[in-house]
>>> print(open('coords.csv').read())   # CSV, C-alpha atoms
chain,number,residue,atom,x,y,z
J,1,MET,CA,35.2,-32.4,26.8
J,2,ALA,CA,34.2,-28.7,26.6
J,3,ASP,CA,33.4,-26.8,29.8
J,4,GLN,CA,30.1,-27.8,31.3
J,5,GLY,CA,28.6,-24.3,31.3
J,6,SER,CA,29.0,-20.6,30.7
J,7,GLU,CA,29.8,-18.4,33.6
J,8,GLY,CA,27.4,-15.7,35.0
J,9,GLY,CA,24.3,-17.8,34.8
J,10,GLY,CA,24.3,-18.2,31.0
J,11,ALA,CA,23.4,-21.3,29.0
J,12,LYS,CA,25.3,-24.5,29.8
J,13,LEU,CA,26.5,-27.3,27.6
J,14,VAL,CA,23.9,-29.6,29.1
J,15,ASP,CA,21.2,-27.1,28.0
J,16,VAL,CA,22.5,-27.2,24.5
J,17,ALA,CA,22.5,-31.0,24.5
J,18,ARG,CA,18.9,-31.1,25.9
J,19,LEU,CA,17.6,-28.7,23.3
J,20,ALA,CA,19.4,-30.5,20.5
J,21,ASN,CA,18.1,-33.9,21.8
J,22,CYS,CA,21.6,-35.5,21.8
J,23,SER,CA,24.2,-36.6,24.4
J,24,LEU,CA,26.5,-34.3,26.3
J,25,ALA,CA,29.5,-35.9,24.5
J,26,THR,CA,28.0,-35.3,21.1
J,27,ALA,CA,27.3,-31.6,21.8
J,28,SER,CA,30.8,-31.2,23.1
J,29,ARG,CA,32.3,-32.9,20.0
J,30,VAL,CA,30.3,-30.6,17.7
J,31,LEU,CA,31.2,-27.4,19.5
J,32,ASN,CA,34.9,-28.4,19.5
J,33,GLY,CA,34.8,-28.9,15.7
J,34,ASN,CA,35.1,-32.7,15.7
J,35,PRO,CA,34.2,-33.8,12.1
J,36,ARG,CA,33.1,-37.3,13.3
J,37,VAL,CA,29.6,-36.2,13.9
J,38,GLY,CA,26.6,-36.7,11.6
J,39,GLN,CA,25.4,-33.7,9.7
J,40,ASP,CA,21.9,-33.8,11.2
J,41,GLU,CA,23.2,-33.9,14.8
J,42,ARG,CA,25.8,-31.2,14.0
J,43,GLU,CA,23.1,-28.9,12.6
J,44,ARG,CA,20.8,-29.5,15.6
J,45,VAL,CA,23.6,-28.7,18.1
J,46,MET,CA,24.6,-25.6,16.2
J,47,ARG,CA,21.0,-24.3,16.1
J,48,ALA,CA,20.6,-25.0,19.8
J,49,ALA,CA,23.8,-23.3,20.7
J,50,ALA,CA,22.9,-20.2,18.7
J,51,GLU,CA,19.4,-20.1,20.1
J,52,LEU,CA,20.6,-20.3,23.6
J,53,GLY,CA,23.6,-18.0,23.1
J,54,TYR,CA,25.9,-20.6,24.4
J,55,VAL,CA,29.6,-19.6,24.7
J,56,PRO,CA,32.1,-22.1,26.4
J,57,ASN,CA,33.5,-21.0,29.7
J,58,GLY,CA,37.0,-20.4,28.5
J,59,SER,CA,35.9,-18.1,25.7
J,60,ALA,CA,33.6,-16.2,28.1
J,61,ARG,CA,36.4,-15.6,30.5
J,62,ALA,CA,38.7,-14.4,27.7
J,63,LEU,CA,36.1,-12.0,26.4
J,64,ARG,CA,35.6,-10.4,29.9
J,65,SER,CA,39.1,-10.5,31.3
J,66,THR,CA,41.4,-9.6,28.4
J,67,ARG,CA,41.3,-8.1,25.0
J,68,SER,CA,41.8,-10.8,22.4
J,69,ARG,CA,43.1,-8.4,19.7
J,70,LEU,CA,41.0,-10.4,17.2
J,71,VAL,CA,38.5,-9.2,14.7
J,72,GLY,CA,36.3,-11.5,12.6
J,73,ALA,CA,35.3,-10.9,9.0
J,74,ILE,CA,32.5,-12.9,7.4
J,75,ILE,CA,32.3,-12.3,3.7
J,76,PRO,CA,30.2,-14.1,1.0
J,77,THR,CA,33.2,-15.4,-1.1
J,78,LEU,CA,36.8,-15.0,-1.9
J,79,ASP,CA,36.3,-16.2,-5.5
J,80,HIS,CA,36.3,-12.6,-6.7
J,81,ALA,CA,38.8,-9.9,-5.9
J,82,ILE,CA,36.3,-7.3,-4.7
J,83,TYR,CA,35.8,-8.8,-1.2
J,84,ALA,CA,39.5,-9.6,-1.0
J,85,THR,CA,40.4,-6.0,-1.6
J,86,MET,CA,38.1,-4.8,1.2
J,87,VAL,CA,39.6,-7.4,3.6
J,88,GLU,CA,43.1,-6.3,2.6
J,89,GLY,CA,42.2,-2.7,3.5
J,90,LEU,CA,40.7,-3.9,6.8
J,91,GLN,CA,43.6,-6.1,7.7
J,92,ALA,CA,46.3,-3.6,6.8
J,93,ARG,CA,44.8,-0.9,9.0
J,94,LEU,CA,44.2,-3.2,12.0
J,95,ALA,CA,47.7,-4.7,11.7
J,96,GLU,CA,49.1,-1.2,12.5
J,97,SER,CA,47.5,-1.5,15.9
J,98,GLY,CA,48.4,-5.2,16.5
J,99,VAL,CA,45.0,-6.5,15.8
J,100,SER,CA,44.6,-9.8,13.8
J,101,VAL,CA,41.7,-10.8,11.5
J,102,ILE,CA,40.0,-14.2,11.1
J,103,ILE,CA,38.3,-14.5,7.8
J,104,SER,CA,35.3,-16.8,7.1
J,105,THR,CA,33.2,-17.1,3.9
J,106,SER,CA,29.4,-17.7,4.1
J,107,HIS,CA,28.7,-18.5,0.4
J,108,TYR,CA,25.7,-16.2,0.7
J,109,ASP,CA,24.1,-18.6,3.2
J,110,LEU,CA,22.6,-16.8,6.2
J,111,ASP,CA,22.5,-20.0,8.3
J,112,LEU,CA,26.2,-20.7,7.6
J,113,GLU,CA,26.9,-17.1,8.5
J,114,LEU,CA,25.2,-17.6,11.9
J,115,GLU,CA,27.4,-20.7,12.6
J,116,GLN,CA,30.5,-18.7,11.7
J,117,ALA,CA,29.5,-15.8,13.9
J,118,ARG,CA,29.0,-18.1,16.8
J,119,LEU,CA,32.5,-19.7,16.3
J,120,LEU,CA,34.1,-16.3,16.0
J,121,VAL,CA,32.5,-15.2,19.3
J,122,GLU,CA,33.8,-18.4,20.9
J,123,ARG,CA,37.3,-17.6,19.7
J,124,GLY,CA,37.1,-14.2,21.4
J,125,ALA,CA,36.6,-11.9,18.4
J,126,GLU,CA,36.0,-8.4,19.8
J,127,SER,CA,34.3,-7.1,16.6
J,128,ILE,CA,32.9,-8.8,13.5
J,129,VAL,CA,32.8,-7.3,10.0
J,130,LEU,CA,29.8,-8.3,7.9
J,131,VAL,CA,28.8,-7.7,4.3
J,132,GLY,CA,25.4,-6.0,3.6
J,133,SER,CA,22.5,-5.3,5.9
J,134,THR,CA,20.5,-8.6,5.6
J,135,HIS,CA,21.4,-11.1,8.3
J,136,SER,CA,19.4,-13.6,10.3
J,137,ALA,CA,17.7,-12.4,13.5
J,138,GLN,CA,19.6,-15.0,15.4
J,139,THR,CA,23.0,-13.7,14.2
J,140,MET,CA,22.1,-10.2,15.3
J,141,ALA,CA,20.7,-11.3,18.6
J,142,LEU,CA,23.9,-13.3,19.3
J,143,LEU,CA,26.1,-10.3,18.6
J,144,ASP,CA,24.0,-8.0,20.7
J,145,GLN,CA,23.7,-10.5,23.6
J,146,LYS,CA,27.5,-11.1,23.7
J,147,ARG,CA,28.2,-7.4,23.2
J,148,VAL,CA,30.3,-8.0,20.1
J,149,ASP,CA,30.6,-4.8,18.1
J,150,HIS,CA,29.9,-5.2,14.4
J,151,VAL,CA,30.3,-3.3,11.1
J,152,PHE,CA,28.1,-3.7,8.1
J,153,THR,CA,30.0,-3.0,4.8
J,154,TYR,CA,28.8,-2.6,1.2
J,155,THR,CA,25.8,-0.7,2.6
J,156,SER,CA,25.2,2.7,4.1
J,157,ALA,CA,21.7,1.9,5.5
J,158,PRO,CA,21.5,3.0,9.1
J,159,ALA,CA,21.7,0.1,11.5
J,160,GLU,CA,20.0,-0.3,15.0
J,161,SER,CA,23.3,-1.5,16.3
J,162,GLY,CA,26.9,-1.5,15.1
J,163,ALA,CA,28.0,0.7,12.1
J,164,ALA,CA,27.2,0.8,8.4
J,165,ILE,CA,30.2,1.8,6.3
J,166,GLY,CA,29.7,1.5,2.5
J,167,PHE,CA,27.6,2.9,-0.2
J,168,ASP,CA,24.0,3.2,-1.3
J,169,ASN,CA,23.3,0.3,-3.7
J,170,GLU,CA,20.0,1.9,-4.9
J,171,LYS,CA,21.8,5.1,-5.8
J,172,ALA,CA,24.4,3.0,-7.7
J,173,GLY,CA,21.7,1.2,-9.7
J,174,ALA,CA,20.0,4.5,-10.5
J,175,ALA,CA,23.3,6.0,-11.7
J,176,ALA,CA,23.7,3.1,-14.1
J,177,ALA,CA,20.2,3.6,-15.5
J,178,ARG,CA,20.8,7.4,-15.8
J,179,PHE,CA,24.0,6.9,-17.6
J,180,LEU,CA,22.5,4.6,-20.2
J,181,LEU,CA,19.3,6.7,-20.7
J,182,ASP,CA,21.5,9.7,-21.2
J,183,LEU,CA,23.2,7.8,-24.1
J,184,GLY,CA,19.8,7.6,-25.7
J,185,HIS,CA,19.0,4.0,-24.8
J,186,THR,CA,15.3,3.3,-24.1
J,187,ARG,CA,15.3,-0.5,-24.4
J,188,LEU,CA,17.2,-1.5,-21.3
J,189,GLY,CA,17.8,-4.9,-19.6
J,190,MET,CA,19.5,-6.0,-16.5
J,191,ILE,CA,21.4,-9.1,-15.4
J,192,ALA,CA,21.2,-9.0,-11.6
J,193,GLY,CA,22.8,-11.1,-8.9
J,194,ILE,CA,20.4,-13.4,-7.0
J,195,THR,CA,18.4,-11.0,-4.9
J,196,THR,CA,17.1,-13.5,-2.3
J,197,ASN,CA,18.8,-12.6,1.0
J,198,ASN,CA,21.1,-10.2,-0.8
J,199,ASP,CA,20.3,-6.6,-0.1
J,200,ARG,CA,23.1,-5.4,-2.3
J,201,ALA,CA,21.8,-7.1,-5.5
J,202,LYS,CA,18.2,-6.1,-4.7
J,203,GLY,CA,19.2,-2.5,-4.1
J,204,ARG,CA,21.0,-2.2,-7.4
J,205,LEU,CA,18.0,-3.7,-9.2
J,206,ASP,CA,15.5,-1.5,-7.4
J,207,GLY,CA,17.5,1.6,-8.0
J,208,PHE,CA,17.9,0.8,-11.7
J,209,LEU,CA,14.2,0.3,-12.2
J,210,SER,CA,13.2,3.3,-10.1
J,211,GLU,CA,15.3,5.6,-12.2
J,212,VAL,CA,13.8,4.1,-15.4
J,213,ALA,CA,10.3,5.0,-14.0
J,214,ALA,CA,11.5,8.4,-12.9
J,215,ARG,CA,12.6,9.2,-16.4
J,216,GLY,CA,9.1,8.4,-17.8
J,217,HIS,CA,9.7,4.8,-19.0
J,218,ASP,CA,7.9,1.6,-18.0
J,219,PRO,CA,10.0,-0.4,-15.5
J,220,GLU,CA,7.9,-3.5,-16.1
J,221,ALA,CA,9.1,-3.4,-19.7
J,222,VAL,CA,12.7,-3.9,-18.5
J,223,PRO,CA,13.6,-7.6,-18.7
J,224,VAL,CA,15.6,-8.8,-15.7
J,225,VAL,CA,17.5,-12.1,-15.4
J,226,GLU,CA,19.0,-13.1,-12.1
J,227,GLY,CA,22.1,-15.3,-11.8
J,228,ALA,CA,24.9,-16.3,-9.5
J,229,TYR,CA,28.1,-14.2,-9.7
J,230,LYS,CA,29.8,-16.5,-12.3
J,231,VAL,CA,30.9,-15.9,-15.9
J,232,GLU,CA,28.7,-18.7,-17.2
J,233,SER,CA,25.6,-17.2,-15.4
J,234,GLY,CA,26.3,-13.9,-17.2
J,235,ARG,CA,26.6,-15.7,-20.6
J,236,GLN,CA,23.4,-17.6,-20.1
J,237,ALA,CA,21.5,-14.5,-18.9
J,238,MET,CA,22.7,-12.5,-21.9
J,239,ARG,CA,21.5,-15.3,-24.2
J,240,SER,CA,18.0,-15.1,-22.5
J,241,LEU,CA,17.9,-11.3,-23.2
J,242,MET,CA,19.1,-11.7,-26.8
J,243,ASP,CA,16.4,-14.3,-27.4
J,244,LEU,CA,13.7,-11.8,-26.7
J,245,GLN,CA,11.6,-10.6,-29.6
J,246,GLN,CA,12.5,-7.0,-28.6
J,247,ARG,CA,16.2,-7.1,-27.6
J,248,PRO,CA,17.5,-4.5,-25.2
J,249,THR,CA,20.1,-2.1,-26.6
J,250,ALA,CA,21.9,-1.7,-23.3
J,251,VAL,CA,22.3,-4.0,-20.3
J,252,PHE,CA,23.4,-3.3,-16.7
J,253,CYS,CA,25.1,-6.2,-15.0
J,254,GLY,CA,25.1,-6.4,-11.2
J,255,SER,CA,28.8,-7.4,-11.2
J,256,ASP,CA,31.8,-7.3,-13.6
J,257,ILE,CA,31.8,-11.1,-13.5
J,258,LEU,CA,28.3,-11.3,-14.9
J,259,ALA,CA,29.2,-8.6,-17.4
J,260,THR,CA,32.2,-10.6,-18.6
J,261,GLY,CA,29.9,-13.6,-19.3
J,262,ALA,CA,27.6,-11.2,-21.2
J,263,ILE,CA,30.4,-10.0,-23.3
J,264,LYS,CA,31.5,-13.5,-24.0
J,265,TYR,CA,28.1,-14.4,-25.3
J,266,CYS,CA,28.0,-11.4,-27.6
J,267,HIS,CA,31.4,-12.4,-29.1
J,268,GLN,CA,30.2,-15.9,-29.7
J,269,GLN,CA,27.1,-14.6,-31.5
J,270,GLY,CA,28.7,-11.8,-33.5
J,271,ILE,CA,26.9,-9.1,-31.6
J,272,ALA,CA,29.0,-6.0,-31.8
J,273,ILE,CA,29.7,-4.1,-28.6
J,274,PRO,CA,28.9,-1.2,-28.3
J,275,LYS,CA,27.5,-0.8,-31.8
J,276,ASP,CA,24.6,-3.3,-31.3
J,277,ILE,CA,24.5,-3.3,-27.5
J,278,SER,CA,26.1,-1.4,-24.6
J,279,ILE,CA,27.1,-3.3,-21.4
J,280,VAL,CA,27.8,-1.8,-18.0
J,281,GLY,CA,29.3,-3.8,-15.1
J,282,PHE,CA,29.7,-3.2,-11.4
J,283,ASP,CA,32.7,-3.3,-9.0
J,284,ASN,CA,35.6,-2.2,-11.4
J,285,LEU,CA,37.6,-5.4,-10.9
J,286,GLU,CA,40.9,-5.9,-12.8
J,287,ILE,CA,39.0,-8.0,-15.3
J,288,ALA,CA,37.1,-4.9,-16.5
J,289,GLU,CA,40.2,-3.8,-18.3
J,290,LEU,CA,40.9,-7.2,-19.9
J,291,THR,CA,37.6,-7.6,-21.8
J,292,ALA,CA,37.3,-6.6,-25.4
J,293,PRO,CA,36.2,-3.8,-25.5
J,294,GLU,CA,37.1,-2.7,-22.0
J,295,LEU,CA,34.2,-2.6,-19.6
J,296,THR,CA,32.3,0.5,-18.5
J,297,THR,CA,31.6,-0.1,-14.8
J,298,LEU,CA,30.7,1.4,-11.5
J,299,GLU,CA,33.7,1.5,-9.1
J,300,VAL,CA,33.2,0.2,-5.6
J,301,PRO,CA,35.5,1.8,-3.0
J,302,ALA,CA,36.4,-1.6,-1.5
J,303,ARG,CA,39.8,-0.8,0.1
J,304,GLU,CA,38.5,2.5,1.6
J,305,MET,CA,35.5,0.6,3.1
J,306,GLY,CA,38.0,-1.8,4.8
J,307,ASN,CA,40.1,1.0,6.1
J,308,LEU,CA,37.1,2.9,7.5
J,309,ALA,CA,35.7,-0.3,9.1
J,310,ALA,CA,39.0,-0.7,10.8
J,311,ASN,CA,39.0,2.9,12.0
J,312,TYR,CA,35.6,2.3,13.6
J,313,ILE,CA,36.7,-0.8,15.3
J,314,LEU,CA,39.8,0.9,16.7
J,315,ALA,CA,38.1,4.0,17.8
J,316,PRO,CA,37.4,4.6,21.5
J,317,ALA,CA,33.7,4.1,22.6
J,318,THR,CA,33.3,7.9,22.9
J,319,GLN,CA,34.1,8.4,19.2
J,320,LYS,CA,32.2,5.4,17.7
J,321,ARG,CA,28.8,7.1,17.8
J,322,HIS,CA,30.2,9.7,15.3
J,323,LEU,CA,31.4,7.0,12.9
J,324,ARG,CA,28.3,4.7,12.9
J,325,GLN,CA,27.2,5.7,9.3
J,326,THR,CA,29.5,6.5,6.4
J,327,GLU,CA,28.3,6.7,2.8
J,328,LEU,CA,31.0,6.5,0.2
J,329,PRO,CA,30.6,7.7,-3.3
J,330,ILE,CA,30.3,5.5,-6.4
J,331,ARG,CA,31.6,6.7,-9.7
J,332,ILE,CA,31.2,5.4,-13.2
J,333,ILE,CA,34.3,4.4,-15.1
J,334,VAL,CA,33.5,4.9,-18.8
J,335,ARG,CA,35.3,2.6,-21.2
J,336,GLY,CA,34.6,1.1,-24.6
J,337,SER,CA,31.7,-1.2,-23.8
J,338,THR,CA,29.1,1.6,-24.0
J,339,GLY,CA,28.1,4.0,-26.7
J,340,ALA,CA,25.1,5.8,-28.1
J,341,ALA,CA,21.9,3.9,-28.7
J,342,PRO,CA,21.7,2.3,-32.2
J,343,ARG,CA,19.1,3.5,-34.6
J,344,LEU,CA,16.3,1.0,-34.6
>>> encode(input="coords.csv", output="structure tokens")
Amino acid sequence: MADQGSEGGGAKLVDVARLANCSLATASRVLNGNPRVGQDERERVMRAAAELGYVPNGSARALRSTRSRLVGAIIPTLDHAIYATMVEGLQARLAESGVSVIISTSHYDLDLELEQARLLVERGAESIVLVGSTHSAQTMALLDQKRVDHVFTYTSAPAESGAAIGFDNEKAGAAAARFLLDLGHTRLGMIAGITTNNDRAKGRLDGFLSEVAARGHDPEAVPVVEGAYKVESGRQAMRSLMDLQQRPTAVFCGSDILATGAIKYCHQQGIAIPKDISIVGFDNLEIAELTAPELTTLEVPAREMGNLAANYILAPATQKRHLRQTELPIRIIVRGSTGAAPRL
């Protein structure tokens, strides 16, 4: 059974069991990762532990008495190379100083992210790397309470605690709109990632529409379709846009994966790229050079983000305050999927 309580007057296992309305043994099994516990009980125990800020005695001692040389990284997914590239940059830099990385994936689920953050704290992670600026209040309270340093990546928005090392998603979305408007396109559309609980997807969308308005066009006239970051979602979203009575002549996609699906639909329907429609992606994944035509996209400095996040983690406390916010540039990689607006 797990230790009965946290040291230093913190929450005890019995407190977790009481709040979760379960037995002490059940709470212990859940917190030790035993799979033979019902889903409902497991969720109650995890919520209670997070709410109380419970950390087992052994982990608490490790956190105070020795440096674990462990860093946690919670990323949305490893399905696409963009996050893997950031983690590689993080891992390579930390390895130079003998620090190991534990990687978890949240699947864009803030509750699951909270559970993973708690487990990483239990295992003695000295710092945790997160993606984006939107996280549950419980997650942030846990990290602050346990004094676990943290780094937000893929965002440069100033944070109350920790560091923000990434880029401005609104500026990136605005750059995409500006590029297409400069090509003469006035009928624009967007295939965005799902914006709920995703500040990156929302920022790109807001920036895109804000630039449209700034250039004297009606942002409400821009059709927007949201979809999961999957090729099929991009294909279905492009079909929706092409079914409109007034089709857009240029579409900005919130990821290269969505853009690949959009290109696939155009090929299936005989819609010529870029003669009939221009398509812009986001990330500059390897797949961007494998589409036909090759994809114009915005390049994300993923590896550099990972390296700089590691530099912040490794820096002494006296230097950290100077590294708490870093905004990296985004650049447009122009390829064959974009061209001048067609004559209508």
>>> residues_around(input="coords.csv", residues="His150 of chain J", least_positions_apart="3", cutoff="9 Å", atoms="all atoms listed in the file", output="PyMOL selection string")
chain J and resi 126-130+143+161-164+313
>>> residues_around(input="coords.csv", residues="segment 101-105 of chain J", least_positions_apart="6", cutoff="6 Å", atoms="only C-alpha atoms", output="mmCIF file with C-alpha atoms, in the frame of the given file")
data_model
loop_
_atom_site.group_PDB
_atom_site.id
_atom_site.type_symbol
_atom_site.label_atom_id
_atom_site.label_comp_id
_atom_site.auth_asym_id
_atom_site.auth_seq_id
_atom_site.Cartn_x
_atom_site.Cartn_y
_atom_site.Cartn_z
ATOM 1 C CA LEU J 70 41.000 -10.400 17.200
ATOM 2 C CA VAL J 71 38.500 -9.200 14.700
ATOM 3 C CA GLY J 72 36.300 -11.500 12.600
ATOM 4 C CA ALA J 73 35.300 -10.900 9.000
ATOM 5 C CA ILE J 74 32.500 -12.900 7.400
ATOM 6 C CA ILE J 75 32.300 -12.300 3.700
ATOM 7 C CA PRO J 76 30.200 -14.100 1.000
ATOM 8 C CA THR J 77 33.200 -15.400 -1.100
#
>>> closest_residue(input="coords.csv", among="J:Ala172, J:Ala49, J:Val121, J:Ile165", to="Leu323 of chain J", atoms="only C-alpha atoms")
J:Ile165
>>> atom_distance(input="coords.csv", atom1="atom CA of Asp144 of chain J", atom2="atom CA of Ala309 of chain J")
18.2 Å
>>> residues_around(input="coords.csv", residues="segment 10-16 of chain J", least_positions_apart="6", cutoff="7 Å", atoms="only C-alpha atoms", output="list in words")
Gln4, Leu24, Val45, Ala48, Ala49, Leu52, Gly53 and Tyr54 of chain J
>>> closest_residue(input="coords.csv", among="J:Ala50, J:Ala84, J:Ala201, J:Cys253", to="Glu170 of chain J", atoms="all atoms listed in the file")
J:Ala201
>>> residues_around(input="coords.csv", residues="Gln39 of chain J", least_positions_apart="6", cutoff="12 Å", atoms="only C-alpha atoms", output="ChimeraX atom specification")
/J:26,30,45-46
>>> write_last_selection(input="coords.csv", atoms="C-alpha atoms", output="PDB file, in the frame of the given file")
ATOM      1  CA  THR J  26      28.000 -35.300  21.100  1.00  0.00           C
ATOM      2  CA  VAL J  30      30.300 -30.600  17.700  1.00  0.00           C
ATOM      3  CA  VAL J  45      23.600 -28.700  18.100  1.00  0.00           C
ATOM      4  CA  MET J  46      24.600 -25.600  16.200  1.00  0.00           C
TER       5      MET J  46
END
>>> residues_near_point(input="coords.csv", point="(28.9, 6.4, -10.0)", cutoff="6 Å", atoms="only C-alpha atoms", output="list in words")
Ala175, Leu298, Ile330, Arg331 and Ile332 of chain J
>>> residues_near_point(input="coords.csv", point="(17.6, -5.1, -18.7)", cutoff="8 Å", atoms="all atoms listed in the file", output="list of chain:residue names")
J:Arg187, J:Leu188, J:Gly189, J:Met190, J:Ile191, J:Val222, J:Pro223, J:Val224, J:Val225, J:Leu241, J:Pro248, J:Ala250, J:Val251, J:Phe252
>>> atom_distance(input="coords.csv", atom1="atom CA of Glu286 of chain J", atom2="atom CA of Tyr154 of chain J")
18.8 Å
>>> residues_around(input="coords.csv", residues="Gln325 of chain J", least_positions_apart="2", cutoff="12 Å", atoms="only C-alpha atoms", output="list of chain:residue names")
J:Val151, J:Phe152, J:Thr153, J:Tyr154, J:Thr155, J:Ser156, J:Ala157, J:Pro158, J:Ala159, J:Glu160, J:Ser161, J:Gly162, J:Ala163, J:Ala164, J:Ile165, J:Gly166, J:Phe167, J:Asp168, J:Met305, J:Leu308, J:Ala309, J:Tyr312, J:Lys320, J:Arg321, J:His322, J:Leu323, J:Glu327, J:Leu328
>>> atom_distance(input="coords.csv", atom1="atom CA of Val334 of chain J", atom2="atom CA of Ala288 of chain J")
10.7 Å
>>> closest_residue(input="coords.csv", among="J:Arg42, J:Ala317, J:Arg303, J:Ile277", to="Gly336 of chain J", atoms="all atoms listed in the file")
J:Ile277
>>> closest_residue(input="coords.csv", among="J:Gln91, J:Thr134, J:Ser255, J:Asn284", to="Val231 of chain J", atoms="only C-alpha atoms")
J:Ser255
